[in-house]
Amino acid sequence: MIDRVRIALVSMLSVAISIFTIYEVNYASLPPLTQLAVFSLLGSAICFLMFPVHKRWKDVGWLRVFDMGLAVLFALCCGYLISEGQALTNDRAGDYTTLDHWVAILATLLVLEATRRSIGLALPILAGVFLLYAYYGRAMPDWFFPHRGYDIDRIASQAFLGSKGVFGVAMGVMFRYVFLFVVFGAFLEMSGATQFIIDFAQRMFGSFSGGPAMVSVAGAGLMGSLSGSAVANAVTTGTFTIPMMRSAGFKPTIAGGITAAAASGGALMPPVMGAGAYMMLEIIDNSSAGLPPITFLQIAKAALVPALLYYLSLLLIVYFYSRRIGRAPEATAAERPSLLNYEGLVFSSALGSLVAFLLVGFTPFRAVTYSLEVILLLSIFSPRLKVSRASRCLAITLFLVVMAAVAITRSSGDNPDSLSDWKAWADAGIPAMLTVMLAGLLSRDWRPLIHGAFMQTARSGVALVSAGGCVGVIIGVVLLTGVGTEFPNAIVPLAEQSLMLALMAIMFCSIILGMGLPSAVCYLLMATLIGPVLGKLALNPADGTLLFTPLAAHLFIFYFGMMSMVTPPVALAAYASASIAKAKIMPTAMASFRFALVGFTLPYMFIYRPALLLLKQDGHSVTFRDLPTVALAIIAAVVGIVALAAGIAGHMRRPLKWPLRIAFLVSAAMLLITIDWLNLAGALLFAAAAVLDWRSPAGEVESVEGEEGPPVEVDDPGREAEE
């Protein structure tokens, strides 16, 4: 009985948070603080109901009642904030009552508990450290940024009462941008388009040596662009691709490592890019560099080339590795799946419309809402969905009637010519879409599909809601104590000695903070802590010229937040893929680290060579005249990546002996370091190693210790390695 009630509550709240977010983001009928309070109330309530105190006790009845009690308590705290919002922010701001303080203390503790349940201990412990730092500020040693210290009431009110803590920039980004893309991904999956991702990857790479591994890389790149979560990406694509790799003869640790490395780069791939890109919209300040405000298209364009280079390196590594261990092609062209299907139309239309809406100037949340309309309309006609013809006709009729009614009603007011404007019709499609979604929940045919999409949204999104609140607690402490200005000042002296030293310090901080945290959360923390110093680091102290752009600096932080997902000992993406592959965790984490190695060099490359971000040194976009510079930077990076892939995999045209393998690795290092004369020397070394590899005598036998599969025999220079 208790479990049925809990499941019913989760179901209703999942529908409510999705509908509320779509409507409120687009129409903003409530004040900002009230919006975020309702959003947090719904998300955290789902979190308490969905995630038990501990997995071992998920079936203990009285504990599930306790979970419901916590959900009600947090709802009451948010309800109090909603009802007293105006008084808290205006009438008694800074002069809170005892009840205000108790509500803030209880709500802050509940935020930490919801985060612990949904994403683990790492982030709540970090938040706890910051809270202790705020309380014991006077007792801190000189090297730990001491301050005057604050009492519990002041800390709690900063964390919960107002817009500088739980309901600050982190929750705002989750609400305005990220959650809508979670809904977008869930409905795209409902339409069957995610299967097209696997089919597309198989069609592209199924006939290559190690095809299943290359399918995993390509599939993870496409899927990760939608989800933005390395762990979710690893679980989603790994379920399909890891068994494929295992059946093709890859060791479990290698299969898991490839999946984790591929999944971790998904949030770097435009056009969606997960939560990090939308946080950059809120955080990046271009004014210090004399540049106009950043746009989403600038972020996506800058991220494109590095993301493609990252996935190129993965594809080359797994291809060379597969040749090395003698993996023959898995499928002929005739056996690969066809892409001429309806799911392909839905997928290409969804992503294509999203990019098109962004290009014509819509905000990200409006663009993804319009693309959601496209997905819903195309899903109505999908032959894959088991829905009767009558239900399809009713759905499309309802959509068109509501859209027409809304458009005509609006045109009869201040803008009678709006019926000829396609944007007005697209706007009218938003209430029509919401109406069809709600009506679908009442239909026997549509209910499993619509309800399943809402439940998938809740499963994927509530962890982001609780994490956004917990990060807000940390940001509130940073703003309260002033550590946000003190911490960067410790890095500035490093930059005066060497920009490379400062970048390495930022890299290590990003990786350490990212261990156990979602990459977007890691980025937000690092951007909050060192954001004030990035402007100082970017300027040459000698003449004041721009060393690198703010966008390059923030992408640098974001990349290393992503790389923490595959950096042992806490490599969350590797943990997820190891569980699917039934492999040992640490060997899988080490394999993922090895495959993702180029991801640790790309950020340094685009800091020193902004042409890789399609930017000029002064921060403006490249023009036609700059194409030779861009081409040279990309060619050097590609050749370096080929050398790195060959050195890591131990194979190029044929298995490499250690002297040649070392030569390729050295040439890769020389090509990936942004010094022109070193690049030239690296290119010459690469050419020499490639010639030696090509001309090495035939008939060698390379035994690959520790790998499955027989030794690789090469009978003549023109024949591929076979099992």
# chains A, B, ... in the order shown; residues from 1 in each chain; ligands from 1

call {"tool": "residues_around", "arguments": {"residues": "Thr363 in chain A", "least_positions_apart": "6", "cutoff": "12 Å", "atoms": "only C-alpha atoms", "output": "tab-separated table (two decimals) with N, CA, C and O atoms, in the first residue's frame"}}
result
chain	number	residue	atom	x	y	z
A	25	VAL	N	8.95	28.47	-17.98
A	25	VAL	CA	10.14	29.00	-18.65
A	25	VAL	C	9.74	29.86	-19.84
A	25	VAL	O	10.37	30.89	-20.12
A	26	ASN	N	8.69	29.46	-20.53
A	26	ASN	CA	8.29	30.18	-21.74
A	26	ASN	C	7.37	31.37	-21.46
A	26	ASN	O	7.36	32.33	-22.23
A	176	ARG	N	15.98	27.07	-16.22
A	176	ARG	CA	15.74	27.75	-17.50
A	176	ARG	C	16.26	26.98	-18.71
A	176	ARG	O	15.72	27.14	-19.81
A	177	TYR	N	17.28	26.19	-18.52
A	177	TYR	CA	17.92	25.55	-19.67
A	177	TYR	C	17.95	24.02	-19.57
A	177	TYR	O	17.42	23.32	-20.42
A	278	TYR	N	25.10	26.31	-20.84
A	278	TYR	CA	24.11	27.29	-20.39
A	278	TYR	C	24.59	28.01	-19.14
A	278	TYR	O	24.25	29.17	-18.90
A	281	LEU	N	26.68	30.86	-20.29
A	281	LEU	CA	25.89	32.02	-20.69
A	281	LEU	C	25.67	32.96	-19.51
A	281	LEU	O	25.64	34.19	-19.66
A	295	THR	N	27.16	34.58	-26.56
A	295	THR	CA	25.91	33.94	-26.99
A	295	THR	C	26.11	32.42	-27.04
A	295	THR	O	27.24	31.93	-27.08
A	296	PHE	N	24.99	31.71	-27.04
A	296	PHE	CA	25.07	30.26	-27.08
A	296	PHE	C	25.74	29.78	-28.36
A	296	PHE	O	26.52	28.82	-28.35
A	297	LEU	N	25.43	30.43	-29.48
A	297	LEU	CA	26.03	30.00	-30.75
A	297	LEU	C	27.54	30.16	-30.73
A	297	LEU	O	28.26	29.33	-31.30
A	354	LEU	N	16.47	22.26	-33.94
A	354	LEU	CA	17.10	22.91	-32.79
A	354	LEU	C	18.21	23.86	-33.25
A	354	LEU	O	18.27	25.02	-32.83
A	355	VAL	N	19.07	23.36	-34.13
A	355	VAL	CA	20.16	24.21	-34.64
A	355	VAL	C	19.60	25.38	-35.44
A	355	VAL	O	20.06	26.53	-35.31
A	356	ALA	N	18.57	25.13	-36.25
A	356	ALA	CA	17.99	26.19	-37.07
A	356	ALA	C	17.39	27.29	-36.19
A	356	ALA	O	17.58	28.48	-36.46
A	357	PHE	N	16.67	26.90	-35.15
A	357	PHE	CA	16.06	27.91	-34.27
A	357	PHE	C	17.13	28.72	-33.54
A	357	PHE	O	16.96	29.92	-33.31
A	369	THR	N	12.11	24.33	-26.92
A	369	THR	CA	10.65	24.16	-26.82
A	369	THR	C	10.04	23.96	-28.20
A	369	THR	O	9.19	23.08	-28.40
A	370	TYR	N	10.47	24.77	-29.15
A	370	TYR	CA	9.96	24.59	-30.52
A	370	TYR	C	10.38	23.22	-31.08
A	370	TYR	O	9.59	22.55	-31.77

call {"tool": "closest_atom_pairs", "arguments": {"of": "range 507-583 of chain A", "to": "range 157-170 of chain A", "cutoff": "12 Å", "atoms": "only C-alpha atoms", "output": "JSON lines"}}
result
{"residue": "A:Ala520", "atom": "CA", "partner": "A:Ala170", "partner_atom": "CA", "distance": 9.7}
{"residue": "A:Val521", "atom": "CA", "partner": "A:Ala170", "partner_atom": "CA", "distance": 8.4}
{"residue": "A:Cys522", "atom": "CA", "partner": "A:Ala170", "partner_atom": "CA", "distance": 11.4}
{"residue": "A:Tyr523", "atom": "CA", "partner": "A:Ala170", "partner_atom": "CA", "distance": 10.8}
{"residue": "A:Leu524", "atom": "CA", "partner": "A:Ala170", "partner_atom": "CA", "distance": 7.5}
{"residue": "A:Leu525", "atom": "CA", "partner": "A:Ala170", "partner_atom": "CA", "distance": 9.6}
{"residue": "A:Ala527", "atom": "CA", "partner": "A:Ala170", "partner_atom": "CA", "distance": 11.4}
{"residue": "A:Thr528", "atom": "CA", "partner": "A:Val169", "partner_atom": "CA", "distance": 10.3}

call {"tool": "write_last_selection", "arguments": {"atoms": "C-alpha atoms", "output": "PDB file, in the first residue's frame"}}
result
ATOM      1  CA  ALA A 520      28.598  20.726 -14.915  1.00  0.00           C
ATOM      2  CA  VAL A 521      28.619  21.061 -11.123  1.00  0.00           C
ATOM      3  CA  CYS A 522      32.416  20.947 -11.128  1.00  0.00           C
ATOM      4  CA  TYR A 523      32.524  23.665 -13.774  1.00  0.00           C
ATOM      5  CA  LEU A 524      30.134  25.866 -11.810  1.00  0.00           C
ATOM      6  CA  LEU A 525      32.205  25.540  -8.638  1.00  0.00           C
ATOM      7  CA  ALA A 527      33.959  29.211 -12.334  1.00  0.00           C
ATOM      8  CA  THR A 528      32.627  30.611  -9.065  1.00  0.00           C
TER       9      THR A 528
END

call {"tool": "closest_residue", "arguments": {"among": "A:Thr623, A:Ser579, A:Ser667, A:Ser11", "to": "Ala637 in chain A", "atoms": "only C-alpha atoms"}}
result
A:Ser667

call {"tool": "residues_around", "arguments": {"residues": "range 67-82 of chain A", "least_positions_apart": "5", "cutoff": "8 Å", "atoms": "only C-alpha atoms", "output": "list in words"}}
result
Arg6, Leu33, Thr34, Ala37, Val38, Ser40, Leu41, Leu42, Ser44, Ala45, Ile46, Phe48, Leu49, Pro52, Val53, Leu88, Val103, Ala104, Leu106, Ala107, Leu110 and Leu161 of chain A

call {"tool": "write_last_selection", "arguments": {"atoms": "N, CA and C atoms", "output": "JSON list (two decimals), in the first residue's frame"}}
result
[["chain", "number", "residue", "atom", "x", "y", "z"],
["A", 6, "ARG", "N", 3.51, 5.82, -2.88],
["A", 6, "ARG", "CA", 4.76, 6.49, -3.24],
["A", 6, "ARG", "C", 4.92, 6.56, -4.76],
["A", 33, "LEU", "N", 11.94, 34.13, -7.91],
["A", 33, "LEU", "CA", 12.16, 33.34, -6.71],
["A", 33, "LEU", "C", 11.08, 32.28, -6.52],
["A", 34, "THR", "N", 9.84, 32.63, -6.82],
["A", 34, "THR", "CA", 8.73, 31.67, -6.72],
["A", 34, "THR", "C", 8.89, 30.56, -7.75],
["A", 37, "ALA", "N", 11.51, 28.23, -6.42],
["A", 37, "ALA", "CA", 11.04, 27.52, -5.22],
["A", 37, "ALA", "C", 10.10, 26.38, -5.60],
["A", 38, "VAL", "N", 9.17, 26.63, -6.52],
["A", 38, "VAL", "CA", 8.26, 25.57, -6.97],
["A", 38, "VAL", "C", 9.04, 24.46, -7.68],
["A", 40, "SER", "N", 12.21, 23.64, -7.30],
["A", 40, "SER", "CA", 12.98, 22.89, -6.30],
["A", 40, "SER", "C", 12.07, 22.01, -5.45],
["A", 41, "LEU", "N", 10.89, 22.54, -5.09],
["A", 41, "LEU", "CA", 9.93, 21.75, -4.31],
["A", 41, "LEU", "C", 9.57, 20.46, -5.03],
["A", 42, "LEU", "N", 9.21, 20.56, -6.31],
["A", 42, "LEU", "CA", 8.81, 19.38, -7.07],
["A", 42, "LEU", "C", 9.98, 18.42, -7.26],
["A", 44, "SER", "N", 12.89, 18.10, -5.53],
["A", 44, "SER", "CA", 13.40, 17.49, -4.29],
["A", 44, "SER", "C", 12.39, 16.52, -3.71],
["A", 45, "ALA", "N", 11.10, 16.82, -3.84],
["A", 45, "ALA", "CA", 10.09, 15.87, -3.37],
["A", 45, "ALA", "C", 10.19, 14.55, -4.13],
["A", 46, "ILE", "N", 10.37, 14.62, -5.45],
["A", 46, "ILE", "CA", 10.57, 13.40, -6.24],
["A", 46, "ILE", "C", 11.82, 12.68, -5.78],
["A", 48, "PHE", "N", 13.27, 12.61, -2.79],
["A", 48, "PHE", "CA", 13.05, 11.90, -1.53],
["A", 48, "PHE", "C", 12.18, 10.65, -1.72],
["A", 49, "LEU", "N", 11.22, 10.73, -2.64],
["A", 49, "LEU", "CA", 10.34, 9.59, -2.87],
["A", 49, "LEU", "C", 10.98, 8.52, -3.75],
["A", 52, "PRO", "N", 15.82, 5.99, -1.86],
["A", 52, "PRO", "CA", 15.68, 5.67, -0.44],
["A", 52, "PRO", "C", 16.86, 6.18, 0.37],
["A", 53, "VAL", "N", 16.75, 6.10, 1.69],
["A", 53, "VAL", "CA", 17.85, 6.49, 2.58],
["A", 53, "VAL", "C", 19.10, 5.70, 2.22],
["A", 88, "LEU", "N", 10.29, 38.53, 2.77],
["A", 88, "LEU", "CA", 11.68, 38.13, 3.03],
["A", 88, "LEU", "C", 12.67, 38.96, 2.24],
["A", 103, "VAL", "N", 13.33, 27.65, 9.47],
["A", 103, "VAL", "CA", 12.96, 27.13, 8.15],
["A", 103, "VAL", "C", 14.20, 27.03, 7.26],
["A", 104, "ALA", "N", 15.06, 28.05, 7.30],
["A", 104, "ALA", "CA", 16.27, 28.04, 6.48],
["A", 104, "ALA", "C", 17.21, 26.92, 6.89],
["A", 106, "LEU", "N", 16.45, 24.04, 8.47],
["A", 106, "LEU", "CA", 15.86, 22.75, 8.09],
["A", 106, "LEU", "C", 15.95, 22.53, 6.59],
["A", 107, "ALA", "N", 15.63, 23.55, 5.80],
["A", 107, "ALA", "CA", 15.65, 23.41, 4.34],
["A", 107, "ALA", "C", 17.06, 23.15, 3.83],
["A", 110, "LEU", "N", 17.90, 19.58, 4.41],
["A", 110, "LEU", "CA", 17.16, 18.71, 3.49],
["A", 110, "LEU", "C", 17.75, 18.76, 2.08],
["A", 161, "LEU", "N", 17.25, 31.73, 2.18],
["A", 161, "LEU", "CA", 16.31, 32.85, 2.10],
["A", 161, "LEU", "C", 16.83, 33.89, 1.12]]

call {"tool": "residues_around", "arguments": {"residues": "Trp425 in chain A", "least_positions_apart": "2", "cutoff": "12 Å", "atoms": "only C-alpha atoms", "output": "mmCIF file with all heavy atoms, in the first residue's frame"}}
result
data_model
loop_
_atom_site.group_PDB
_atom_site.id
_atom_site.type_symbol
_atom_site.label_atom_id
_atom_site.label_comp_id
_atom_site.auth_asym_id
_atom_site.auth_seq_id
_atom_site.Cartn_x
_atom_site.Cartn_y
_atom_site.Cartn_z
ATOM 1 N N TYR A 370 10.466 24.769 -29.155
ATOM 2 C CA TYR A 370 9.965 24.590 -30.522
ATOM 3 C C TYR A 370 10.375 23.216 -31.076
ATOM 4 O O TYR A 370 9.587 22.549 -31.771
ATOM 5 C CB TYR A 370 10.516 25.687 -31.433
ATOM 6 C CG TYR A 370 9.956 27.077 -31.182
ATOM 7 C CD1 TYR A 370 10.604 28.197 -31.682
ATOM 8 C CD2 TYR A 370 8.778 27.260 -30.468
ATOM 9 C CE1 TYR A 370 10.099 29.475 -31.478
ATOM 10 C CE2 TYR A 370 8.267 28.532 -30.255
ATOM 11 C CZ TYR A 370 8.939 29.642 -30.756
ATOM 12 O OH TYR A 370 8.435 30.900 -30.545
ATOM 13 N N GLU A 373 8.122 20.593 -29.898
ATOM 14 C CA GLU A 373 6.905 20.533 -30.717
ATOM 15 C C GLU A 373 7.124 19.659 -31.952
ATOM 16 O O GLU A 373 6.258 18.844 -32.320
ATOM 17 C CB GLU A 373 6.498 21.941 -31.162
ATOM 18 C CG GLU A 373 6.030 22.870 -30.064
ATOM 19 C CD GLU A 373 5.648 24.229 -30.628
ATOM 20 O OE1 GLU A 373 5.042 24.272 -31.723
ATOM 21 O OE2 GLU A 373 5.953 25.249 -29.989
ATOM 22 N N PHE A 399 -4.108 19.070 -31.416
ATOM 23 C CA PHE A 399 -2.977 19.991 -31.513
ATOM 24 C C PHE A 399 -3.317 21.153 -32.436
ATOM 25 O O PHE A 399 -3.107 22.329 -32.087
ATOM 26 C CB PHE A 399 -1.742 19.247 -32.022
ATOM 27 C CG PHE A 399 -0.497 20.095 -32.078
ATOM 28 C CD1 PHE A 399 0.384 20.123 -31.013
ATOM 29 C CD2 PHE A 399 -0.211 20.873 -33.194
ATOM 30 C CE1 PHE A 399 1.528 20.921 -31.053
ATOM 31 C CE2 PHE A 399 0.926 21.671 -33.248
ATOM 32 C CZ PHE A 399 1.798 21.687 -32.165
ATOM 33 N N LEU A 400 -3.836 20.849 -33.622
ATOM 34 C CA LEU A 400 -4.114 21.896 -34.604
ATOM 35 C C LEU A 400 -5.224 22.823 -34.139
ATOM 36 O O LEU A 400 -5.150 24.050 -34.347
ATOM 37 C CB LEU A 400 -4.489 21.255 -35.945
ATOM 38 C CG LEU A 400 -3.369 20.462 -36.635
ATOM 39 C CD1 LEU A 400 -3.891 19.780 -37.886
ATOM 40 C CD2 LEU A 400 -2.193 21.370 -36.968
ATOM 41 N N VAL A 401 -6.253 22.271 -33.498
ATOM 42 C CA VAL A 401 -7.373 23.099 -33.026
ATOM 43 C C VAL A 401 -6.913 24.067 -31.939
ATOM 44 O O VAL A 401 -7.220 25.261 -31.977
ATOM 45 C CB VAL A 401 -8.522 22.203 -32.518
ATOM 46 C CG1 VAL A 401 -9.553 23.034 -31.751
ATOM 47 C CG2 VAL A 401 -9.198 21.483 -33.678
ATOM 48 N N VAL A 402 -6.168 23.553 -30.964
ATOM 49 C CA VAL A 402 -5.702 24.422 -29.876
ATOM 50 C C VAL A 402 -4.742 25.477 -30.416
ATOM 51 O O VAL A 402 -4.820 26.658 -30.047
ATOM 52 C CB VAL A 402 -5.038 23.584 -28.765
ATOM 53 C CG1 VAL A 402 -4.408 24.493 -27.708
ATOM 54 C CG2 VAL A 402 -6.044 22.655 -28.123
ATOM 55 N N MET A 403 -3.829 25.072 -31.288
ATOM 56 C CA MET A 403 -2.872 26.029 -31.844
ATOM 57 C C MET A 403 -3.597 27.126 -32.619
ATOM 58 O O MET A 403 -3.283 28.320 -32.481
ATOM 59 C CB MET A 403 -1.868 25.315 -32.749
ATOM 60 C CG MET A 403 -0.803 26.244 -33.331
ATOM 61 S SD MET A 403 0.527 25.397 -34.221
ATOM 62 C CE MET A 403 -0.391 24.719 -35.600
ATOM 63 N N ALA A 404 -4.579 26.736 -33.444
ATOM 64 C CA ALA A 404 -5.322 27.725 -34.218
ATOM 65 C C ALA A 404 -6.115 28.654 -33.303
ATOM 66 O O ALA A 404 -6.157 29.878 -33.522
ATOM 67 C CB ALA A 404 -6.259 27.020 -35.198
ATOM 68 N N ALA A 405 -6.740 28.093 -32.267
ATOM 69 C CA ALA A 405 -7.532 28.918 -31.346
ATOM 70 C C ALA A 405 -6.655 29.941 -30.637
ATOM 71 O O ALA A 405 -7.021 31.122 -30.506
ATOM 72 C CB ALA A 405 -8.237 28.015 -30.329
ATOM 73 N N VAL A 406 -5.478 29.501 -30.174
ATOM 74 C CA VAL A 406 -4.569 30.422 -29.483
ATOM 75 C C VAL A 406 -4.062 31.495 -30.439
ATOM 76 O O VAL A 406 -4.017 32.686 -30.102
ATOM 77 C CB VAL A 406 -3.385 29.641 -28.867
ATOM 78 C CG1 VAL A 406 -2.332 30.607 -28.319
ATOM 79 C CG2 VAL A 406 -3.869 28.714 -27.768
ATOM 80 N N ALA A 407 -3.670 31.090 -31.648
ATOM 81 C CA ALA A 407 -3.142 32.062 -32.618
ATOM 82 C C ALA A 407 -4.196 33.092 -33.001
ATOM 83 O O ALA A 407 -3.904 34.297 -33.077
ATOM 84 C CB ALA A 407 -2.638 31.323 -33.856
ATOM 85 N N ILE A 408 -5.439 32.651 -33.227
ATOM 86 C CA ILE A 408 -6.512 33.582 -33.619
ATOM 87 C C ILE A 408 -6.862 34.514 -32.465
ATOM 88 O O ILE A 408 -7.080 35.712 -32.659
ATOM 89 C CB ILE A 408 -7.748 32.786 -34.080
ATOM 90 C CG1 ILE A 408 -7.433 32.055 -35.393
ATOM 91 C CG2 ILE A 408 -8.946 33.703 -34.260
ATOM 92 C CD1 ILE A 408 -8.500 31.069 -35.819
ATOM 93 N N THR A 409 -6.889 33.965 -31.247
ATOM 94 C CA THR A 409 -7.200 34.796 -30.075
ATOM 95 C C THR A 409 -6.166 35.898 -29.900
ATOM 96 O O THR A 409 -6.503 37.057 -29.634
ATOM 97 C CB THR A 409 -7.255 33.926 -28.807
ATOM 98 O OG1 THR A 409 -8.248 32.914 -28.972
ATOM 99 C CG2 THR A 409 -7.579 34.772 -27.588
ATOM 100 N N ARG A 410 -4.882 35.545 -30.061
ATOM 101 C CA ARG A 410 -3.826 36.547 -29.902
ATOM 102 C C ARG A 410 -3.842 37.566 -31.037
ATOM 103 O O ARG A 410 -3.527 38.741 -30.831
ATOM 104 C CB ARG A 410 -2.470 35.862 -29.845
ATOM 105 C CG ARG A 410 -2.255 35.071 -28.551
ATOM 106 C CD ARG A 410 -0.932 34.345 -28.556
ATOM 107 N NE ARG A 410 -0.724 33.640 -27.296
ATOM 108 C CZ ARG A 410 0.293 32.808 -27.058
ATOM 109 N NH1 ARG A 410 1.194 32.596 -28.007
ATOM 110 N NH2 ARG A 410 0.403 32.211 -25.898
ATOM 111 N N SER A 411 -4.215 37.123 -32.240
ATOM 112 C CA SER A 411 -4.220 38.050 -33.382
ATOM 113 C C SER A 411 -5.351 39.061 -33.281
ATOM 114 O O SER A 411 -5.283 40.133 -33.885
ATOM 115 C CB SER A 411 -4.345 37.275 -34.692
ATOM 116 O OG SER A 411 -5.630 36.693 -34.806
ATOM 117 N N ASP A 417 -1.881 41.256 -37.463
ATOM 118 C CA ASP A 417 -1.146 40.660 -38.581
ATOM 119 C C ASP A 417 -0.319 39.447 -38.167
ATOM 120 O O ASP A 417 0.429 38.900 -38.987
ATOM 121 C CB ASP A 417 -0.205 41.704 -39.204
ATOM 122 C CG ASP A 417 -0.968 42.881 -39.786
ATOM 123 O OD1 ASP A 417 -2.090 42.666 -40.265
ATOM 124 O OD2 ASP A 417 -0.428 44.003 -39.745
ATOM 125 N N SER A 418 -0.439 39.005 -36.917
ATOM 126 C CA SER A 418 0.423 37.929 -36.429
ATOM 127 C C SER A 418 0.127 36.588 -37.083
ATOM 128 O O SER A 418 0.970 35.689 -37.057
ATOM 129 C CB SER A 418 0.282 37.791 -34.907
ATOM 130 O OG SER A 418 -1.045 37.411 -34.553
ATOM 131 N N LEU A 419 -1.066 36.425 -37.686
ATOM 132 C CA LEU A 419 -1.393 35.138 -38.310
ATOM 133 C C LEU A 419 -0.483 34.843 -39.499
ATOM 134 O O LEU A 419 -0.360 33.691 -39.911
ATOM 135 C CB LEU A 419 -2.856 35.125 -38.751
ATOM 136 C CG LEU A 419 -3.905 35.034 -37.621
ATOM 137 C CD1 LEU A 419 -5.304 35.040 -38.196
ATOM 138 C CD2 LEU A 419 -3.682 33.775 -36.792
ATOM 139 N N SER A 420 0.145 35.851 -40.049
ATOM 140 C CA SER A 420 1.064 35.626 -41.166
ATOM 141 C C SER A 420 2.503 35.426 -40.703
ATOM 142 O O SER A 420 3.393 35.258 -41.526
ATOM 143 C CB SER A 420 1.011 36.825 -42.128
ATOM 144 O OG SER A 420 1.399 38.014 -41.458
ATOM 145 N N ASP A 421 2.731 35.436 -39.396
ATOM 146 C CA ASP A 421 4.064 35.289 -38.820
ATOM 147 C C ASP A 421 4.224 33.866 -38.285
ATOM 148 O O ASP A 421 3.487 33.445 -37.378
ATOM 149 C CB ASP A 421 4.258 36.310 -37.703
ATOM 150 C CG ASP A 421 5.673 36.295 -37.136
ATOM 151 O OD1 ASP A 421 6.500 35.513 -37.646
ATOM 152 O OD2 ASP A 421 5.938 37.041 -36.188
ATOM 153 N N TRP A 422 5.186 33.120 -38.829
ATOM 154 C CA TRP A 422 5.351 31.729 -38.399
ATOM 155 C C TRP A 422 5.767 31.644 -36.935
ATOM 156 O O TRP A 422 5.471 30.648 -36.259
ATOM 157 C CB TRP A 422 6.373 31.013 -39.278
ATOM 158 C CG TRP A 422 7.796 31.469 -39.102
ATOM 159 C CD1 TRP A 422 8.432 32.434 -39.807
ATOM 160 C CD2 TRP A 422 8.748 30.965 -38.167
ATOM 161 N NE1 TRP A 422 9.729 32.586 -39.360
ATOM 162 C CE2 TRP A 422 9.950 31.682 -38.359
ATOM 163 C CE3 TRP A 422 8.715 29.978 -37.186
ATOM 164 C CZ2 TRP A 422 11.099 31.450 -37.610
ATOM 165 C CZ3 TRP A 422 9.853 29.734 -36.433
ATOM 166 C CH2 TRP A 422 11.031 30.475 -36.644
ATOM 167 N N LYS A 423 6.446 32.675 -36.425
ATOM 168 C CA LYS A 423 6.839 32.662 -35.020
ATOM 169 C C LYS A 423 5.619 32.681 -34.110
ATOM 170 O O LYS A 423 5.601 32.051 -33.053
ATOM 171 C CB LYS A 423 7.745 33.860 -34.715
ATOM 172 C CG LYS A 423 9.072 33.837 -35.458
ATOM 173 C CD LYS A 423 9.898 35.074 -35.141
ATOM 174 C CE LYS A 423 11.199 35.075 -35.945
ATOM 175 N NZ LYS A 423 11.999 36.310 -35.685
ATOM 176 N N ASP A 427 4.717 29.921 -31.371
ATOM 177 C CA ASP A 427 4.362 30.237 -29.987
ATOM 178 C C ASP A 427 3.022 29.607 -29.608
ATOM 179 O O ASP A 427 2.845 29.102 -28.494
ATOM 180 C CB ASP A 427 4.289 31.756 -29.793
ATOM 181 C CG ASP A 427 5.666 32.389 -29.743
ATOM 182 O OD1 ASP A 427 6.640 31.679 -29.435
ATOM 183 O OD2 ASP A 427 5.775 33.599 -30.016
ATOM 184 N N ALA A 428 2.072 29.661 -30.538
ATOM 185 C CA ALA A 428 0.764 29.066 -30.271
ATOM 186 C C ALA A 428 0.855 27.548 -30.140
ATOM 187 O O ALA A 428 -0.010 26.912 -29.518
ATOM 188 C CB ALA A 428 -0.207 29.441 -31.392
ATOM 189 N N GLY A 429 1.914 26.964 -30.717
ATOM 190 C CA GLY A 429 2.093 25.522 -30.593
ATOM 191 C C GLY A 429 2.488 25.074 -29.200
ATOM 192 O O GLY A 429 2.325 23.890 -28.857
ATOM 193 N N ILE A 430 2.988 26.001 -28.362
ATOM 194 C CA ILE A 430 3.407 25.603 -27.005
ATOM 195 C C ILE A 430 2.207 25.171 -26.168
ATOM 196 O O ILE A 430 2.207 24.067 -25.605
ATOM 197 C CB ILE A 430 4.195 26.740 -26.333
ATOM 198 C CG1 ILE A 430 5.470 27.042 -27.124
ATOM 199 C CG2 ILE A 430 4.545 26.362 -24.892
ATOM 200 C CD1 ILE A 430 6.245 28.245 -26.619
ATOM 201 N N PRO A 431 1.140 25.999 -26.025
ATOM 202 C CA PRO A 431 -0.025 25.501 -25.283
ATOM 203 C C PRO A 431 -0.687 24.303 -25.959
ATOM 204 O O PRO A 431 -1.242 23.432 -25.276
ATOM 205 C CB PRO A 431 -0.964 26.716 -25.227
ATOM 206 C CG PRO A 431 -0.485 27.653 -26.272
ATOM 207 C CD PRO A 431 0.971 27.419 -26.406
ATOM 208 N N ALA A 432 -0.619 24.247 -27.303
ATOM 209 C CA ALA A 432 -1.174 23.081 -27.994
ATOM 210 C C ALA A 432 -0.406 21.816 -27.617
ATOM 211 O O ALA A 432 -0.996 20.753 -27.382
ATOM 212 C CB ALA A 432 -1.131 23.307 -29.504
#

call {"tool": "atom_distance", "arguments": {"atom1": "CA of Arg92 in chain A", "atom2": "CA of Gly468 in chain A"}}
result
26.1 Å

call {"tool": "select_by_dssp", "arguments": {"residues": "range 435-635 of chain A", "states": "helix (DSSP H, G or I)", "output": "PyMOL selection string"}}
result
chain A and resi 435-440+447-481+483-497+499-514+519-538+550-566+572-581+585-595+597-600+602-608+610-613+624-635

call {"tool": "closest_residue", "arguments": {"among": "A:Pro518, A:Gly94, A:Pro628, A:Gly276", "to": "His554 in chain A", "atoms": "only C-alpha atoms"}}
result
A:Gly276
